[in-house]
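Worksheet for the structure shown next.
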Amino acid sequence: MENPYKAYPVRIDSIDVATQDKSLRTFKFVFLNEGDEEKFAYESGQFAELSIPGKGEIPIGIASSPTEKGFVKFTVFRTGLVTNHLHNMKVGDIMGVRGPLGNSYPLKDLEGKNIVIIGAGFAFTTLRSTIVYLLDPKNRSRFGNIDVIYGARNPGMILYKDELTVWEKRDDINMHITVDSTDDPSWTYHTGFVPTITETQAPKADENTYAIMCGPPMMLKFTKPVLDKLGYSHDKIIMSLENRMKCGIGICGRCNIGKELICKDGPVFTLEQLKHMPEEDT
Amino acid sequence: MNETLSIRANIMKVINIDKEKWASGVESLTSTYRLFGPVKEDDSHNFKELKKGELPDLAYGNSKLSPKSAVFPPSEAMFTYSLDEKNENHHILNDVKKDYSPRAVLGIRPCDAKAVSLVRMNFDTKEYRDPYWMDAFEATTFVGLACDNPCSTCFCTSTGCGPFSEEGLDVLLVENGNAYIAKALTAKGEKLMDAAGFKTAGDDSAIAAKKAAAEAKITASIETDKLSEKVIMDLYDAPIWDDISFSCINCCTCTYACPTCWCFDIQDENKGLSGVRMRNWDSCMTPLFTMHGSGHNPRSQKKQRVRQRFMHKLKYFLDKYQKGIMCVGCGRCVQQCPVNIDIRTVSKKMNDYVAAS
Amino acid sequence: MDAYITKIKEISERLLKDGTVEAVIGFRQGTVPTMSEPCMIKRSDDVKDLVWDSNCRINLCNYLTNRKEKLAIVAKGCDSRNIVTHIIENKIKRDQLFIIGVPCKGMNDKNTGELQDNCGTCTHRNPVIYDELVGDLVEEQTDVDKYADVKKVEALSSDEKWNFFNDLYSSCTRCHACRNACPLCYCPTCFVDESKPQWVGKADDAVDIRTYHFLRAYHCAGRCTDCGSCEAACPQNIKVRQMTKKLEKDCSELYGWEAGLTLDERPPLDTFKVDDREDFIK
């Protein structure tokens, strides 16, 4: 077996400032060595360790979809030692990407089903991967209705605005974009917190409808009761967790919640599974 | 246990080692093996790499820190890298040249040897193989020394181990007057015996009585019989943790001394324009262990960290692997905790706990 | 000392029963010889678990930091001086505490069973602050050379000193038990745990080890009461007080200062006087 701690060398191909306040940037990486991209074959929901020799590694959800070839994309929030350094890097710089790690959203099991995707803030990255995958012509017909509820604090914090606008015009996906508040007169979408919009816009639950939810703890806390009200059973609510990670491969022992390691047994869990896992500090 | 014995029966050889021949045998080993063994330091022993001519001090109870450092050093380099943009390999991780030539750990106690096989389950999984730990492990021949005089804090027999346990060992040495009875348990063990020139056939009939005598000396025990039937959430929410955790000072002594603790940190350390990505022992006892980049810390309170440690050792590991608790009863944490938090006391509280229905 | 424990139990029971305090911090029986375990007793029924013997060496003031309740605490001479320092530094309020003062003739070393090093030269065996004593005051030692061992090191040549300190810390594993057992070390983030920037490495590099011990000693300068908890806690039996005692001696000689004797004066490194000695600043 190859050394699982070794990252694939990549080059930064582009950097887009993703939010108005510049706290998030989207990085596009291209693999330096031929064959590495194939080895990195991933599925939506998985993450990778972005590895910067000299600084450290950070576990970041993969924002690009496996249907997008030639590169791999991540949207990173600037918050600590490594992300600060990453935000100051330039196109052409060399670093590493290690993965893909973790389990993925169980899209195979969701074929033939309706999917409600609920995301908030910058947790939306792996959800973008999922949406792009689902909408791909090779895949779309295998799935039922798709609803997306996505909210951010204000219009400047909405990620992937251009893509959202394009998706909004499609008739094979229902977009419900919202912001907590805004005084921008050109904002044409919803205003209100994600849980509130979910209550009014999400389809009622049935045998064939699943929810995939990803967001900050506050949003999850208030959206769960809404989904309960709409009748979603807990084994049909799929969530993605996060925790401090180092190895990302289930060996260093720090990311556990109960006996589950978030980097290896997760980060994707159903709410039903989570109910049996001890909830650490919220 | 019976299964293991029958598999080993085919490879097992019993050899008699005259103690007068021990030193020269160890000397012969040095041409093939790097040797590790207990070395006396001030008032205690620790496992160190033996210098030329140095013999392991086998007249010892057990070492202060466990011998896990023979395959899992406190600090080891994983990769090197150059930050110099003029270097064509800059910012790319390079493998570090390691010495995985054959090595032997002489005089490891059965509890510590079993601990190595428990820890192996973490570093060698279906999906991933940790090359640093596994390469060191595969290069190592474990020569154990049975305990005739267990300490007052040893409780190996109630953890599925024992003073004469063979799990994880390639050779088991048993003191027998002016000789050792050596059981070569694996092909690796036989190879080492050959390399040392220990060839005289021996007789293991004396072992059973010694084993019984040693086991009878163990008075300490840990209660774990009801742990597997408990529900994780019940134990987690039990009101026992405030009291258990009060005295803890989160000093990490227990985790560093414990042979079954294996958590580690990965850090990059730079000097000028080059650096090393290294891994260091880490401990769930430290507040930084679970600190998110955002500043959120799911285990910011001492109680949560203490609970995590004992739940992991006595419940999560038990449930996950179904191979017993993640403790071999070596007693180091009991002896060394500065505030005398005792895993046996904690286990009893967990074992006895019944959730209100 | 039997009379002491009877009094400790009597006082504790009374305080808990009449609600003067919510809990009593003391010691309970250890599970191995030479050890006892700090504990918090909240119910008067549990007062019977309290013990007092020559194994009660850990400084209980360590458990007071930032607590909000009304507490009783069993305090020896050194412990009481740390309580004074804690009050001055706003880590606990005087009116939260009922100090059960214990005149102390010394604790035993957990390894040798002999009198602990620091107790041999102690000149403050009686509590300097208390609400009730458990026994008569004991005679203070006057004819002791507190700094005999420091003077020995001071007399060494530069090279000899270098070797001395190298040897002293050679077996340090950076477990930080010394820091964690010390009531003075209560920084929310210790300097060795900072990451932006990272001042000290995390491995067992000799320079990092020495840096940690030197700086910790300096942070305790003028505040340390030589309670010996650091040495008692060290699993490697390192004589960590060698460094702190030197700084205690310096504060004594340069500023005429002994830590924790009065609530009315702040430590010298906390205050500035115009006639402060400066000649040691090179």
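Residues are referred to by chain and number: the chain letter is A, B, ... according to the order shown in the structure tokens, the number counts from 1 in that chain, and ligands are numbered separately from 1 in the order shown.
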
Compile a residue-level contact table for chain C against chain B at a cut-off of 8 Å, reporting for every qualifying residue the shortest atom pair and its distance in Å to one decimal, with only C-alpha atoms counted, rows ordered by chain and ascending number, as CSV.
```
residue,atom,partner,partner_atom,distance
C:Gly30,CA,B:Asn340,CA,6.1
C:Thr31,CA,B:Asn340,CA,7.0
C:Val32,CA,B:Gln335,CA,7.2
C:Met35,CA,B:Asn340,CA,6.4
C:Ser36,CA,B:Asn340,CA,6.3
C:Glu37,CA,B:Val339,CA,5.1
C:Pro38,CA,B:Ser247,CA,5.1
C:Cys39,CA,B:Ser247,CA,5.9
C:Met40,CA,B:Phe246,CA,6.9
C:Ile58,CA,B:Val339,CA,7.6
C:Tyr63,CA,B:Ser247,CA,7.9
C:Cys175,CA,B:Cys252,CA,5.4
C:His176,CA,B:Cys251,CA,5.6
C:Ala177,CA,B:Cys251,CA,4.2
C:Cys178,CA,B:Cys251,CA,7.9
C:Asn180,CA,B:Ile249,CA,5.5
C:Ala181,CA,B:Ile249,CA,6.2
C:Asp193,CA,B:Leu288,CA,7.5
C:Gly201,CA,B:Glu269,CA,7.4
C:Lys202,CA,B:Asn280,CA,7.4
C:Ala203,CA,B:Ser75,CA,6.0
C:Asp204,CA,B:Ser75,CA,6.9
C:Ala232,CA,B:Pro338,CA,6.9
C:Ala233,CA,B:Pro338,CA,4.7
C:Cys234,CA,B:Pro338,CA,7.5
C:Pro235,CA,B:Gln336,CA,6.0
```

Restrict the calculation to only C-alpha atoms, then for each residue of chain B with any atom at most 8 Å from an atom of chain A give the closest atom pair and their distance in Å to one decimal, rows by chain and rising residue number, as a tab-separated table.
```
residue	atom	partner	partner_atom	distance
B:Tyr81	CA	A:Pro53	CA	6.6
B:Leu83	CA	A:Gly54	CA	7.3
B:His90	CA	A:Ile94	CA	7.6
B:His91	CA	A:Pro53	CA	5.6
B:Ile92	CA	A:Pro9	CA	6.1
B:Leu93	CA	A:Lys6	CA	6.9
B:Asn122	CA	A:Ile251	CA	6.1
B:Phe123	CA	A:Ile251	CA	6.2
B:Tyr128	CA	A:Pro4	CA	6.8
B:Arg129	CA	A:Met1	CA	6.8
B:Asp130	CA	A:Asn3	CA	7.1
B:Pro131	CA	A:Asn3	CA	6.2
B:Ile232	CA	A:Pro278	CA	7.6
B:Met233	CA	A:Pro278	CA	5.9
B:Tyr236	CA	A:Pro278	CA	6.7
B:Trp262	CA	A:Cys252	CA	7.2
B:Cys263	CA	A:Cys252	CA	4.9
B:Phe264	CA	A:Cys252	CA	5.1
B:Asp265	CA	A:Lys246	CA	6.7
B:Ile266	CA	A:Lys246	CA	6.3
B:Gln267	CA	A:Gly56	CA	6.4
B:Asp268	CA	A:Gly54	CA	5.3
B:Glu269	CA	A:Gly54	CA	6.6
B:Asn270	CA	A:Gly54	CA	6.1
B:Ser274	CA	A:Gly54	CA	7.9
B:Gly275	CA	A:Gly54	CA	6.4
B:Val276	CA	A:Gly54	CA	7.7
B:Arg277	CA	A:Pro53	CA	7.4
B:Cys284	CA	A:Arg254	CA	7.2
B:Phe289	CA	A:Arg254	CA	6.7
B:Thr290	CA	A:Arg244	CA	5.5
B:Met291	CA	A:Arg244	CA	6.2
B:His292	CA	A:Arg244	CA	5.2
B:Gly293	CA	A:Gly80	CA	5.5
B:Ser294	CA	A:Thr79	CA	6.1
B:Asn297	CA	A:Asp281	CA	7.2
B:Pro298	CA	A:Asp281	CA	4.3
B:Arg299	CA	A:Asp281	CA	6.3
B:Ser300	CA	A:Asp281	CA	7.7
B:Gln304	CA	A:Glu280	CA	7.7
B:Met311	CA	A:Gly258	CA	8.0
B:His312	CA	A:Lys259	CA	7.4
B:Tyr316	CA	A:Lys259	CA	4.7
B:Phe317	CA	A:Lys259	CA	7.0
B:Asp319	CA	A:Lys259	CA	7.7
B:Lys320	CA	A:Lys259	CA	6.6
```

Go ahead and write the selection's residues with C-alpha atoms as a PDB file, in the first residue's frame.
```
ATOM      1  CA  TYR B  81      10.715  19.233   2.199  1.00  0.00           C
ATOM      2  CA  LEU B  83      10.907  25.663   0.806  1.00  0.00           C
ATOM      3  CA  HIS B  90      10.284  22.641  -3.566  1.00  0.00           C
ATOM      4  CA  HIS B  91       7.073  22.236  -1.552  1.00  0.00           C
ATOM      5  CA  ILE B  92       6.935  18.561  -2.404  1.00  0.00           C
ATOM      6  CA  LEU B  93       7.148  15.979   0.356  1.00  0.00           C
ATOM      7  CA  ASN B 122      -5.172   0.847  14.809  1.00  0.00           C
ATOM      8  CA  PHE B 123      -2.171   1.188  12.520  1.00  0.00           C
ATOM      9  CA  TYR B 128      -4.822   2.046   5.375  1.00  0.00           C
ATOM     10  CA  ARG B 129      -1.449   0.821   6.567  1.00  0.00           C
ATOM     11  CA  ASP B 130       0.689   3.233   8.553  1.00  0.00           C
ATOM     12  CA  PRO B 131       4.125   2.604   7.023  1.00  0.00           C
ATOM     13  CA  ILE B 232     -22.593   4.098  25.088  1.00  0.00           C
ATOM     14  CA  MET B 233     -25.008   6.991  25.545  1.00  0.00           C
ATOM     15  CA  TYR B 236     -21.581   8.947  28.482  1.00  0.00           C
ATOM     16  CA  TRP B 262      -1.290   5.765  20.343  1.00  0.00           C
ATOM     17  CA  CYS B 263      -2.681   9.210  19.548  1.00  0.00           C
ATOM     18  CA  PHE B 264      -0.290  11.488  17.711  1.00  0.00           C
ATOM     19  CA  ASP B 265       0.056  14.954  16.275  1.00  0.00           C
ATOM     20  CA  ILE B 266       1.522  15.930  12.903  1.00  0.00           C
ATOM     21  CA  GLN B 267       3.618  19.090  12.839  1.00  0.00           C
ATOM     22  CA  ASP B 268       5.837  20.818  10.318  1.00  0.00           C
ATOM     23  CA  GLU B 269       9.056  22.200  11.771  1.00  0.00           C
ATOM     24  CA  ASN B 270      11.156  24.467   9.622  1.00  0.00           C
ATOM     25  CA  SER B 274      13.939  23.384   4.668  1.00  0.00           C
ATOM     26  CA  GLY B 275      11.919  21.417   7.121  1.00  0.00           C
ATOM     27  CA  VAL B 276      10.562  18.183   8.437  1.00  0.00           C
ATOM     28  CA  ARG B 277       6.999  16.981   8.730  1.00  0.00           C
ATOM     29  CA  CYS B 284      -6.486  13.502  24.484  1.00  0.00           C
ATOM     30  CA  PHE B 289      -6.309  18.081  21.050  1.00  0.00           C
ATOM     31  CA  THR B 290      -9.776  18.811  19.695  1.00  0.00           C
ATOM     32  CA  MET B 291      -9.566  22.576  19.125  1.00  0.00           C
ATOM     33  CA  HIS B 292     -11.160  23.616  15.832  1.00  0.00           C
ATOM     34  CA  GLY B 293      -9.610  26.322  13.666  1.00  0.00           C
ATOM     35  CA  SER B 294     -12.692  28.408  14.356  1.00  0.00           C
ATOM     36  CA  ASN B 297     -13.634  23.155  21.101  1.00  0.00           C
ATOM     37  CA  PRO B 298     -15.920  20.159  21.617  1.00  0.00           C
ATOM     38  CA  ARG B 299     -13.846  19.070  24.614  1.00  0.00           C
ATOM     39  CA  SER B 300     -12.998  22.359  26.230  1.00  0.00           C
ATOM     40  CA  GLN B 304     -15.133  15.902  28.805  1.00  0.00           C
ATOM     41  CA  MET B 311     -14.777   5.777  27.505  1.00  0.00           C
ATOM     42  CA  HIS B 312     -12.223   5.081  24.783  1.00  0.00           C
ATOM     43  CA  TYR B 316     -15.451   2.549  22.521  1.00  0.00           C
ATOM     44  CA  PHE B 317     -12.511   0.206  21.838  1.00  0.00           C
ATOM     45  CA  ASP B 319     -17.425  -2.103  21.134  1.00  0.00           C
ATOM     46  CA  LYS B 320     -15.437  -1.368  18.010  1.00  0.00           C
TER      47      LYS B 320
END
```

List as an MDAnalysis selection string the protein and nucleic acid residues near Asp135 of chain B, meaning an atom at most 12 Å away when only C-alpha atoms are counted, but skip any in the same chain fewer than 5 places from it. (chainID A and resid 1 3) or (chainID B and resid 70:72 98:103 120 123:124 129:130 140)

Just the strand (DSSP E or B) stuff from segment 97-180 of chain C, please, per backbone DSSP, written as a ChimeraX atom specification. /C:97-101,108,115,132-133

Return as a ChimeraX atom specification the full set of residues in segment 127-252 of chain C whose backbone-based DSSP assignment is alpha helix (DSSP H). /C:148-154,158-169,177-181,206-219,229-233,241-252

For Asp136 of chain C: contacts at 10 Å, only C-alpha atoms, fewer than 5 positions along chain excluded, given as a ChimeraX atom specification: /C:4,102-103,126

Please, what distance in Å, to one decimal, runs between atom CA of Glu54 of chain B and atom CA of Ala104 of chain B? 13.8 Å

Provide the atom CA of Cys56 of chain C to atom CA of Ile222 of chain B distance in Å, to one decimal place. 25.7 Å

I need the contact residues of chain C against chain A, so if you could list those with any atom within 9 Å, counting only C-alpha atoms, and return them as an NGL selection string, that would help. :C and (195-197)

Using C-alpha atoms, can you write the selected residues to a file as an mmCIF file, in the first residue's frame?
```cif
data_model
loop_
_atom_site.group_PDB
_atom_site.id
_atom_site.type_symbol
_atom_site.label_atom_id
_atom_site.label_comp_id
_atom_site.auth_asym_id
_atom_site.auth_seq_id
_atom_site.Cartn_x
_atom_site.Cartn_y
_atom_site.Cartn_z
ATOM 1 C CA SER C 195 0.302 28.570 17.046
ATOM 2 C CA LYS C 196 0.134 32.053 15.552
ATOM 3 C CA PRO C 197 3.060 32.296 15.796
#
```

Residue neighbourhood Thr67 of chain A, 8 Å, only C-alpha atoms, exclusion window fewer than 6 positions, as JSON, numbers by chain: {"A": [132, 133, 136]}

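From atom CA of Gly61 of chain B back to atom CA of Val39 of chain B, the distance works out to 11.8 Å.
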
At a cut-off of 8 Å, using only C-alpha atoms, what residues contact Asp206 of chain A? Leave out same-chain residues fewer than 3 positions from it and give the result as a PyMOL selection string. chain A and resi 209+231-232

Store the residues picked out above in a file with C-alpha atoms, as a PDB file, in the first residue's frame.
```
ATOM      1  CA  THR A 209     -37.629  11.967  -0.184  1.00  0.00           C
ATOM      2  CA  GLY A 231     -42.220  14.403   8.761  1.00  0.00           C
ATOM      3  CA  TYR A 232     -38.697  13.448   7.696  1.00  0.00           C
TER       4      TYR A 232
END
```
